[in-house]
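Listing of protein_33.txt; format and content: compact mmCIF, C-alpha atoms.
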# COMPACT_ATOMS: atom_id res chain seq x y z
CA MET A 1 182.28 127.08 63.99
CA PHE A 2 184.53 124.26 65.20
CA THR A 3 182.99 120.81 65.36
CA ALA A 4 185.85 118.70 66.73
CA PHE A 5 189.33 118.64 68.21
CA LEU A 6 192.28 116.80 66.72
CA ILE A 7 194.49 115.63 69.59
CA LYS A 8 198.27 115.49 69.21
CA TYR A 9 200.55 113.48 71.46
CA ALA A 10 204.33 113.33 71.78
CA GLU A 11 205.86 110.54 73.91
CA ILE A 12 203.11 108.07 73.05
CA GLY A 13 204.24 108.20 69.44
CA VAL A 14 207.54 106.45 70.22
CA LYS A 15 206.00 103.47 72.02
CA GLY A 16 206.28 101.14 69.04
CA LYS A 17 204.02 98.10 69.04
CA ASN A 18 202.54 99.08 72.40
CA ARG A 19 201.43 102.51 71.22
CA TYR A 20 197.80 101.43 70.88
CA LEU A 21 197.68 100.62 74.62
CA PHE A 22 198.78 104.15 75.51
CA GLU A 23 196.35 105.60 72.96
CA ASP A 24 193.51 103.65 74.57
CA MET A 25 194.47 105.01 78.00
CA LEU A 26 194.56 108.53 76.58
CA VAL A 27 191.11 108.05 75.05
CA ARG A 28 189.79 106.86 78.42
CA GLN A 29 191.21 109.93 80.19
CA MET A 30 189.73 112.24 77.53
CA LYS A 31 186.30 110.66 78.05
CA TYR A 32 186.61 111.23 81.80
CA ALA A 33 187.67 114.85 81.27
CA LEU A 34 184.81 115.65 78.89
CA LYS A 35 181.99 113.74 80.56
CA LYS A 36 180.89 116.74 82.66
CA CYS A 37 181.43 119.23 79.86
CA GLU A 38 178.46 121.03 78.35
CA GLY A 39 177.73 119.05 75.19
CA ARG A 40 178.41 115.43 74.23
CA PHE A 41 181.55 114.14 72.56
CA VAL A 42 182.56 110.97 70.76
CA ILE A 43 186.26 110.10 71.09
CA ARG A 44 187.73 107.99 68.30
CA LYS A 45 191.07 106.91 66.90
CA SER A 46 191.84 107.11 63.19
CA GLN A 47 195.16 106.34 61.48
CA GLY A 48 197.45 107.66 64.19
CA ARG A 49 195.11 110.49 65.14
CA ILE A 50 192.65 110.91 68.00
CA PHE A 51 189.55 113.03 67.50
CA ALA A 52 187.05 114.42 70.01
CA GLU A 53 183.95 115.06 67.93
CA ALA A 54 181.10 117.19 69.27
CA GLN A 55 177.60 115.81 68.90
CA GLY A 56 175.75 119.09 68.61
CA GLU A 57 176.28 122.33 70.53
CA PHE A 58 179.07 122.53 73.12
CA ASP A 59 180.97 125.04 75.24
CA PHE A 60 184.23 125.52 73.32
CA ASP A 61 186.21 127.20 76.12
CA GLU A 62 185.16 124.63 78.71
CA ALA A 63 186.05 121.73 76.44
CA VAL A 64 189.50 123.18 75.73
CA GLU A 65 190.13 123.84 79.42
CA ARG A 66 189.26 120.26 80.33
CA LEU A 67 191.40 118.78 77.56
CA ARG A 68 194.33 120.94 78.67
CA ARG A 69 194.33 118.96 81.95
CA VAL A 70 194.68 115.55 80.28
CA PHE A 71 198.20 114.17 80.61
CA GLY A 72 199.45 112.69 77.36
CA ILE A 73 198.06 115.48 75.17
CA SER A 74 200.73 117.70 73.64
CA GLY A 75 198.42 119.76 71.41
CA ILE A 76 194.71 120.45 70.95
CA CYS A 77 193.69 121.50 67.43
CA PRO A 78 190.19 122.94 66.88
CA VAL A 79 189.02 121.40 63.61
CA VAL A 80 186.35 121.96 60.97
CA TYR A 81 185.27 119.22 58.60
CA ALA A 82 184.74 119.40 54.89
CA GLU A 83 183.11 116.67 52.86
CA ASP A 84 184.96 115.48 49.76
CA GLU A 85 182.78 117.24 47.20
CA GLY A 86 185.49 118.10 44.72
CA PHE A 87 188.50 120.40 44.84
CA GLU A 88 186.59 123.56 43.96
CA LYS A 89 184.35 123.07 47.02
CA LEU A 90 187.45 122.48 49.15
CA CYS A 91 188.93 125.79 47.99
CA GLN A 92 185.72 127.54 48.98
CA ARG A 93 185.71 125.84 52.37
CA VAL A 94 189.33 126.77 53.09
CA THR A 95 188.91 130.42 52.10
CA ALA A 96 185.76 130.62 54.23
CA TYR A 97 187.74 129.16 57.16
CA VAL A 98 190.46 131.79 56.77
CA ASP A 99 187.87 134.55 56.55
CA GLU A 100 186.07 133.47 59.74
CA VAL A 101 189.09 132.65 61.90
CA TYR A 102 191.32 135.56 60.81
CA PRO A 103 189.38 138.84 60.38
CA ASP A 104 192.68 140.69 60.03
CA LYS A 105 194.03 139.51 56.69
CA HIS A 106 197.36 141.32 56.88
CA ARG A 107 199.18 138.09 57.68
CA THR A 108 201.51 135.58 56.11
CA PHE A 109 200.49 131.96 55.68
CA LYS A 110 201.58 128.56 54.51
CA VAL A 111 199.39 125.62 53.47
CA ASN A 112 200.47 122.23 54.78
CA ALA A 113 198.43 119.48 53.14
CA ARG A 114 198.62 115.84 54.17
CA ARG A 115 197.08 113.21 51.94
CA ALA A 116 196.44 110.23 54.24
CA ARG A 117 194.03 108.88 51.61
CA LYS A 118 196.30 107.98 48.73
CA ASP A 119 193.42 107.60 46.25
CA TYR A 120 192.82 111.35 46.37
CA PRO A 121 193.53 112.54 42.80
CA ILE A 122 195.79 115.51 43.66
CA GLU A 123 199.16 115.13 45.37
CA SER A 124 200.06 117.06 48.54
CA MET A 125 202.48 119.54 46.94
CA GLU A 126 199.95 120.46 44.29
CA ILE A 127 197.20 120.84 46.93
CA ASN A 128 199.47 123.28 48.80
CA ALA A 129 200.01 125.37 45.67
CA LEU A 130 196.38 125.38 44.52
CA LEU A 131 194.93 126.21 47.96
CA GLY A 132 197.55 128.92 48.43
CA GLU A 133 196.57 130.39 45.09
CA ALA A 134 192.86 130.35 46.07
CA ILE A 135 193.60 132.16 49.36
CA LEU A 136 195.72 134.82 47.64
CA LYS A 137 193.03 135.38 45.05
CA ALA A 138 190.35 135.78 47.74
CA TYR A 139 192.50 137.93 50.05
CA PRO A 140 195.21 139.82 48.12
CA GLU A 141 196.46 141.50 51.30
CA MET A 142 197.76 138.13 52.54
CA SER A 143 201.13 136.73 51.48
CA VAL A 144 202.94 133.40 51.54
CA ASP A 145 205.88 132.72 53.87
CA VAL A 146 207.06 129.11 53.81
CA HIS A 147 209.65 129.60 56.58
CA LYS A 148 207.97 131.53 59.44
CA PRO A 149 204.31 132.05 58.54
CA ASP A 150 201.84 133.75 60.87
CA ILE A 151 199.31 131.07 59.95
CA MET A 152 200.11 127.41 59.33
CA LEU A 153 196.99 126.14 57.59
CA ASN A 154 196.81 122.36 57.91
CA VAL A 155 194.58 120.35 55.57
CA GLU A 156 194.38 116.59 56.21
CA ILE A 157 192.62 114.49 53.62
CA ARG A 158 191.17 111.37 55.22
CA GLU A 159 187.67 109.84 55.07
CA LYS A 160 186.69 113.48 55.52
CA ILE A 161 188.84 116.56 55.05
CA TYR A 162 190.06 118.23 58.26
CA ILE A 163 191.06 121.89 58.37
CA TYR A 164 192.86 123.48 61.31
CA SER A 165 195.47 126.15 62.00
CA GLU A 166 195.75 126.50 65.77
CA ILE A 167 197.56 124.18 68.16
CA ILE A 168 196.65 124.86 71.80
CA PRO A 169 199.40 123.46 74.07
CA GLY A 170 198.45 120.48 76.24
CA PRO A 171 200.19 119.41 79.45
CA GLY A 172 202.32 116.68 77.85
CA GLY A 173 203.38 113.68 79.89
CA MET A 174 201.81 110.23 79.79
CA PRO A 175 198.17 109.12 80.24
CA VAL A 176 197.22 108.53 83.87
CA GLY A 177 197.22 104.80 84.58
CA SER A 178 199.99 103.93 82.14
CA GLY A 179 202.62 104.07 84.91
CA GLY A 180 200.93 102.10 87.68
CA LYS A 181 199.66 103.52 90.98
CA ALA A 182 201.35 105.19 93.96
CA MET A 183 200.38 106.55 97.38
CA LEU A 184 200.74 110.32 97.90
CA LEU A 185 201.35 111.61 101.43
CA LEU A 186 199.08 114.63 101.11
CA SER A 187 199.14 117.48 103.61
CA GLY A 188 197.59 120.93 103.53
CA GLY A 189 200.88 122.53 102.46
CA ILE A 190 202.13 123.81 99.13
CA ASP A 191 204.49 120.98 98.24
CA SER A 192 202.63 117.66 98.35
CA PRO A 193 199.83 118.56 95.87
CA VAL A 194 202.51 119.71 93.40
CA ALA A 195 204.41 116.44 93.92
CA GLY A 196 201.22 114.47 93.21
CA TYR A 197 200.57 116.47 90.06
CA MET A 198 204.11 115.90 88.77
CA ILE A 199 204.05 112.15 89.35
CA ALA A 200 200.57 111.88 87.80
CA LYS A 201 202.01 113.63 84.73
CA ARG A 202 204.27 110.61 84.27
CA GLY A 203 201.22 108.36 83.98
CA VAL A 204 200.89 107.30 87.63
CA LYS A 205 197.43 106.98 89.17
CA LEU A 206 197.21 108.52 92.63
CA ASP A 207 195.84 107.33 95.92
CA ALA A 208 196.50 109.62 98.89
CA VAL A 209 196.78 109.48 102.67
CA TYR A 210 196.21 112.41 105.04
CA PHE A 211 197.16 112.41 108.72
CA HIS A 212 194.53 114.26 110.76
CA ALA A 213 195.01 115.22 114.43
CA PRO A 214 191.73 116.32 116.03
CA PRO A 215 191.18 118.35 118.16
CA TYR A 216 194.57 119.95 117.46
CA THR A 217 193.63 120.26 113.79
CA SER A 218 190.15 121.36 112.80
CA GLU A 219 187.63 119.98 110.33
CA ARG A 220 188.53 122.98 108.17
CA ALA A 221 192.09 121.67 107.94
CA LYS A 222 190.73 118.31 106.78
CA GLN A 223 188.40 119.98 104.28
CA LYS A 224 191.36 121.96 102.94
CA VAL A 225 193.14 118.69 102.13
CA VAL A 226 190.00 117.30 100.49
CA ASP A 227 189.82 120.48 98.40
CA LEU A 228 193.47 120.08 97.37
CA ALA A 229 192.82 116.46 96.40
CA ARG A 230 189.87 117.64 94.31
CA ILE A 231 192.04 120.14 92.43
CA VAL A 232 194.68 117.47 91.78
CA SER A 233 191.92 115.12 90.56
CA ARG A 234 191.24 117.53 87.68
CA TYR A 235 194.51 116.23 86.22
CA ALA A 236 194.94 112.83 87.88
CA GLY A 237 191.38 111.51 87.86
CA PRO A 238 189.54 110.29 90.99
CA VAL A 239 191.72 110.19 94.11
CA TRP A 240 191.05 107.72 96.92
CA LEU A 241 191.91 109.74 100.02
CA HIS A 242 192.62 107.72 103.18
CA VAL A 243 192.23 109.88 106.32
CA ILE A 244 194.18 108.61 109.34
CA ASN A 245 193.46 109.85 112.87
CA PHE A 246 197.03 110.43 114.03
CA THR A 247 196.37 112.21 117.33
CA ASP A 248 197.01 109.37 119.78
CA ILE A 249 200.17 108.31 117.94
CA GLN A 250 201.53 111.85 118.02
CA LEU A 251 200.74 112.32 121.70
CA TYR A 252 202.40 109.00 122.53
CA ILE A 253 205.56 109.92 120.59
CA HIS A 254 205.50 113.36 122.23
CA GLU A 255 205.39 111.71 125.65
CA LYS A 256 208.01 109.00 125.10
CA CYS A 257 210.64 110.45 122.75
CA PRO A 258 213.13 113.36 122.84
CA HIS A 259 211.42 116.48 121.57
CA GLU A 260 214.16 117.39 119.11
CA GLU A 261 213.46 114.06 117.36
CA LEU A 262 209.66 114.33 117.33
CA THR A 263 209.36 115.38 113.70
CA ILE A 264 211.58 112.57 112.40
CA ILE A 265 209.97 109.84 114.50
CA MET A 266 206.44 111.03 113.62
CA ARG A 267 207.48 111.11 109.98
CA ARG A 268 208.79 107.55 110.21
CA TYR A 269 205.42 106.36 111.54
CA MET A 270 203.57 108.26 108.82
CA MET A 271 205.70 106.45 106.24
CA ARG A 272 205.06 103.08 107.88
CA ILE A 273 201.30 103.66 107.89
CA ALA A 274 201.25 105.03 104.34
CA GLU A 275 203.23 102.02 103.12
CA HIS A 276 200.84 99.62 104.87
CA ILE A 277 197.86 101.18 103.04
CA ALA A 278 199.85 101.33 99.81
CA LYS A 279 200.56 97.61 99.88
CA GLU A 280 196.91 96.83 100.62
CA THR A 281 195.80 98.92 97.62
CA ASP A 282 198.41 97.63 95.12
CA CYS A 283 200.43 100.85 95.02
CA LEU A 284 203.98 100.56 93.70
CA GLY A 285 205.54 103.36 95.74
CA LEU A 286 205.09 106.38 97.98
CA ILE A 287 205.14 110.02 96.87
CA THR A 288 206.20 112.94 99.07
CA GLY A 289 206.70 116.65 98.52
CA GLU A 290 210.11 116.76 100.15
CA SER A 291 212.88 119.05 98.86
CA ILE A 292 216.45 118.77 100.14
CA GLY A 293 217.17 121.25 102.94
CA GLN A 294 213.80 123.00 102.86
CA VAL A 295 213.04 122.17 106.53
CA ALA A 296 214.73 120.16 109.29
CA SER A 297 212.98 116.93 108.32
CA GLN A 298 214.22 117.24 104.72
CA THR A 299 217.99 117.23 105.12
CA MET A 300 219.88 114.34 103.55
CA GLN A 301 220.32 112.76 106.97
CA SER A 302 216.61 113.13 107.78
CA LEU A 303 215.59 111.60 104.45
CA ILE A 304 217.80 108.60 105.15
CA ALA A 305 216.06 108.21 108.52
CA THR A 306 212.57 108.25 106.98
CA ASN A 307 213.56 106.05 104.03
CA GLU A 308 214.82 103.34 106.36
CA VAL A 309 211.33 102.26 107.43
CA CYS A 310 210.07 101.77 103.84
CA GLU A 311 210.32 98.75 101.58
CA LEU A 312 208.53 100.45 98.68
CA PRO A 313 210.39 103.13 96.72
CA VAL A 314 209.76 106.73 97.74
CA TYR A 315 209.35 109.17 94.85
CA ARG A 316 210.25 112.80 95.54
CA PRO A 317 209.71 114.79 92.34
CA LEU A 318 210.48 118.13 94.05
CA ILE A 319 213.78 116.98 95.56
CA GLY A 320 215.88 119.55 93.65
CA PHE A 321 213.33 122.38 93.51
CA ASP A 322 213.55 125.57 95.52
CA LYS A 323 210.42 127.08 97.07
CA LEU A 324 209.89 129.63 94.30
CA GLU A 325 209.88 126.89 91.67
CA ILE A 326 207.36 124.86 93.68
CA VAL A 327 205.13 127.90 94.16
CA GLU A 328 205.26 128.58 90.41
CA VAL A 329 203.85 125.11 89.66
CA ALA A 330 201.30 125.42 92.49
CA ASN A 331 200.01 128.66 90.96
CA ARG A 332 199.84 127.09 87.52
CA ILE A 333 197.72 124.15 88.71
CA ASP A 334 195.57 126.32 91.04
CA THR A 335 196.53 124.67 94.34
CA PHE A 336 198.50 127.59 95.82
CA GLU A 337 195.60 129.71 97.11
CA THR A 338 194.06 126.69 98.84
CA SER A 339 197.40 125.57 100.28
CA ILE A 340 198.03 128.90 102.02
CA LEU A 341 194.69 128.95 103.84
CA PRO A 342 195.51 129.28 107.58
CA TYR A 343 194.43 125.84 108.78
CA GLU A 344 197.41 123.96 110.20
CA ASP A 345 197.96 120.25 109.75
CA CYS A 346 199.29 117.78 112.30
CA CYS A 347 202.94 118.22 111.32
CA THR A 348 202.99 121.89 112.27
CA ILE A 349 201.10 121.46 115.56
CA PHE A 350 203.66 119.14 117.15
CA VAL A 351 206.86 120.59 115.68
CA ALA A 352 209.79 120.87 118.08
CA LYS A 353 211.32 124.26 118.86
CA HIS A 354 214.81 122.99 117.99
CA PRO A 355 214.40 119.94 115.73
CA VAL A 356 217.44 117.86 114.96
CA THR A 357 218.68 118.46 111.41
CA LYS A 358 221.20 115.61 111.26
CA PRO A 359 219.51 112.72 113.04
CA ASN A 360 221.64 109.75 114.02
CA LEU A 361 219.84 106.57 112.99
CA LYS A 362 221.31 104.64 115.91
CA PHE A 363 219.77 107.14 118.36
CA ILE A 364 216.45 107.26 116.49
CA ARG A 365 216.10 103.47 116.65
CA ARG A 366 217.04 103.44 120.32
CA HIS A 367 214.48 106.12 121.20
CA GLU A 368 211.77 104.34 119.21
CA GLN A 369 212.25 101.44 121.63
CA ASN A 370 210.51 103.69 124.19
CA LEU A 371 207.33 103.27 122.13
CA GLN A 372 207.25 99.47 122.11
CA GLU A 373 204.66 99.08 124.86
CA GLY A 374 201.83 100.83 123.05
CA ILE A 375 202.68 101.96 119.54
CA GLU A 376 201.58 98.85 117.63
CA GLU A 377 198.12 98.97 119.15
CA LEU A 378 197.80 102.68 118.35
CA VAL A 379 198.87 102.10 114.74
CA ARG A 380 196.42 99.19 114.43
CA THR A 381 193.59 101.36 115.77
CA ALA A 382 194.50 104.20 113.40
CA LEU A 383 194.35 101.82 110.43
CA GLU A 384 191.10 100.19 111.54
CA THR A 385 189.38 103.56 112.00
CA LYS A 386 190.65 105.28 108.85
CA GLU A 387 188.15 107.12 106.70
CA LEU A 388 188.05 106.70 102.93
CA ILE A 389 186.90 109.63 100.79
CA VAL A 390 186.71 109.25 97.00
CA VAL A 391 187.52 112.69 95.66
CA GLU A 392 186.84 113.84 92.12
CA GLU A 393 186.03 117.09 90.42
Please rewrite the model in this file as structure tokens.
Amino acid sequence: MFTAFLIKYAEIGVKGKNRYLFEDMLVRQMKYALKKCEGRFVIRKSQGRIFAEAQGEFDFDEAVERLRRVFGISGICPVVYAEDEGFEKLCQRVTAYVDEVYPDKHRTFKVNARRARKDYPIESMEINALLGEAILKAYPEMSVDVHKPDIMLNVEIREKIYIYSEIIPGPGGMPVGSGGKAMLLLSGGIDSPVAGYMIAKRGVKLDAVYFHAPPYTSERAKQKVVDLARIVSRYAGPVWLHVINFTDIQLYIHEKCPHEELTIIMRRYMMRIAEHIAKETDCLGLITGESIGQVASQTMQSLIATNEVCELPVYRPLIGFDKLEIVEVANRIDTFETSILPYEDCCTIFVAKHPVTKPNLKFIRRHEQNLQEGIEELVRTALETKELIVVEE
């Protein structure tokens, strides 16, 4: 029945003279989302509206599901078209729409007409009254409620006439790419994919870096991270995943530094390496899944210690979340079941039995001096041998 979707947006609408730039980014993301959908779509802008028009048969449920992953969309309205063939034909088209979409007629309704084409001979208020009268005549069991109707029947009169009554919620946010690009430190855990999703929702394009430690971590652990990146890419678009072999660096730190400080010092080198790649790839910041107090490396003192090695800003969207809140988002975006697969990443393999929770920066710097002889060469080798995987759905 439906032949198109009218796309509503929220924040984009307050962007003033730059709104068209954000609309163009949203159109680009919609095209990416729908390109693998069964059926072909044409995306177009028209007088403050964006339409995704089907060119022939298409899978309605699949199209809706893909559009629901596009940041910047606040509502998806399945639409039917009516040609301007006179008001009597419009009344017939509207009553036929109500009959097909709402088999149960024991409902209240309101007609909300919008006359974008000012040369249309009937004004909006009169259209509301006349269409309401036609519906009541066709279906006497229905009734009008202008305050809290069961059905809000929207009729927009443009170059064609658009009829819709359902608004399927979108994810909101801003179109990916409108907020620059940042580097996500992606592990196989629950938190970092959620952090990436939340920053992407603010319009930021994601690159990602994963620290792999063979043979202590398996190829399955690496594949798990690739799978998580693929799920995140449903929302964020293609993710360039940089895989760093971190084994030699971890073993060297394990040999040279106090064991209670292993996690913090390893984390500091992860941040240094991630920032190096971020600067090479024009990223404007780093993204982590850290939450205050969740583990030893995420106390305020530990975060200060890891922040110290970075020049770029570090974005931590989960900083005030508890674990249940993070899990709730992970379930909603379908990363949770993958995250809990039992393949450990490099952080968990080399964790100390009694990690320091309030690291002293003076001591951390002093103990990092133990690494001077060989650490730069190991970092250089890790960067030169990194693997790049372009991940997309």
Next on the checklist: Please list as a PyMOL selection string every residue within 8 Å of Tyr235 of chain A, counting all atoms listed in the file and excluding residues in the same chain fewer than 5 positions away.
Outcome noted: chain A and resi 69-71+197+200
Checklist entry - Which residues come within 10 Å of segment 125-135 of chain A, counting only C-alpha atoms, excluding same-chain residues fewer than 6 positions away, as a PyMOL selection string? => result chain A and resi 87-88+90-92+94-96+98-99+109-115+141-144+153-155
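Of the residues listed (A:Asp248, A:Glu290, A:Glu83, A:Glu11), A:Glu290 shows the shortest atom-to-atom separation from Phe321 of chain A; distances use all atoms listed in the file.
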Report, as JSON, the axis-aligned box around all atoms of segment 300-314 of chain A present in the file, extended by 5 Å on each side; give centre and edge lengths in Å to one decimal place.
{"center_x": 214.4, "center_y": 106.5, "center_z": 102.6, "size_x": 21.8, "size_y": 25.6, "size_z": 21.8}
Next on the checklist: So that I can check the surroundings of segment 52-63 of chain A, please list as a PyMOL selection string every protein, DNA and RNA residue that reaches within 12 Å of it, counting all atoms listed in the file and ignoring chain neighbours fewer than 6 positions away.
Outcome noted: chain A and resi 1-8+26-46+69-70+76-81+162+168
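Nearest to Met300 of chain A of all the residues A:Thr385, A:Asn360, A:Asn370, A:Thr263 is A:Asn360, based on all atoms listed in the file.
Taking atom CA of Val379 of chain A and atom CA of Arg230 of chain A as endpoints, the distance between them is 27.2 Å.
Nearest to Asp84 of chain A of all the residues A:Tyr164, A:Phe363, A:Tyr120, A:Phe246 is A:Tyr120, based on all atoms listed in the file.
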Item to check | Residue nearest Glu219 of chain A among A:Ala138, A:Ala195, A:Ile264, A:Val243 (counting all atoms listed in the file) | outcome: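 Selected residue with least distance to Glu219 of chain A: A:Val243.
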Next on the checklist: Between A:Ile167, A:Met152, A:Gly173, A:Ser218, which residue has the minimum interatomic distance to Pro342 of chain A, considering only C-alpha atoms?
Outcome noted: A:Ser218
Checklist entry - Hey, can you pull every residue with an atom no more than 8 Å from (212.0, 125.2, 102.6), using only C-alpha atoms, and send it as number ranges by chain? => result A: 291, 293-295, 322-323
Name the residues in contact with Val232 of chain A at a cut-off of 9 Å, using only C-alpha atoms, excluding same-chain residues fewer than 5 positions from it; report them as a PDB file with C-alpha atoms, in the coordinates of the input.
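Here's the written file out.pdb:
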ATOM      1  CA  PRO A 193     199.830 118.560  95.870  1.00  0.00           C
ATOM      2  CA  VAL A 194     202.510 119.710  93.400  1.00  0.00           C
ATOM      3  CA  GLY A 196     201.220 114.470  93.210  1.00  0.00           C
ATOM      4  CA  TYR A 197     200.570 116.470  90.060  1.00  0.00           C
ATOM      5  CA  ASP A 227     189.820 120.480  98.400  1.00  0.00           C
ATOM      6  CA  GLY A 237     191.380 111.510  87.860  1.00  0.00           C
ATOM      7  CA  PRO A 238     189.540 110.290  90.990  1.00  0.00           C
ATOM      8  CA  VAL A 239     191.720 110.190  94.110  1.00  0.00           C
ATOM      9  CA  ILE A 333     197.720 124.150  88.710  1.00  0.00           C
ATOM     10  CA  ASP A 334     195.570 126.320  91.040  1.00  0.00           C
ATOM     11  CA  THR A 335     196.530 124.670  94.340  1.00  0.00           C
ATOM     12  CA  GLU A 392     186.840 113.840  92.120  1.00  0.00           C
ATOM     13  CA  GLU A 393     186.030 117.090  90.420  1.00  0.00           C
TER      14      GLU A 393
END
Next on the checklist: Nearest residue to Arg316 of chain A out of A:Leu341, A:Leu184, A:Leu371, A:Leu361, using all atoms listed in the file?
Outcome noted: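 Looking at the shortest contact to Arg316 of chain A, the residue is A:Leu184.
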Checklist entry - By how many Å are atom CA of Leu324 of chain A and atom CA of Gly189 of chain A apart? => result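 Spanning atom CA of Leu324 of chain A to atom CA of Gly189 of chain A is a straight-line distance of 14.1 Å.
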Item to check | Surrounding residues of Thr281 of chain A excluding itself and chain neighbours under 5 positions, 10 Å, all atoms listed in the file, as a list in words | outcome: Lys181, Ala182, Met183, Asp207, Glu275 and His276 of chain A
Item to check | Interatomic distance, atom CA of Leu388 of chain A to atom CA of Ala221 of chain A (Å, one decimal) | outcome: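 Value for the atom CA of Leu388 of chain A-atom CA of Ala221 of chain A distance: 16.3 Å.
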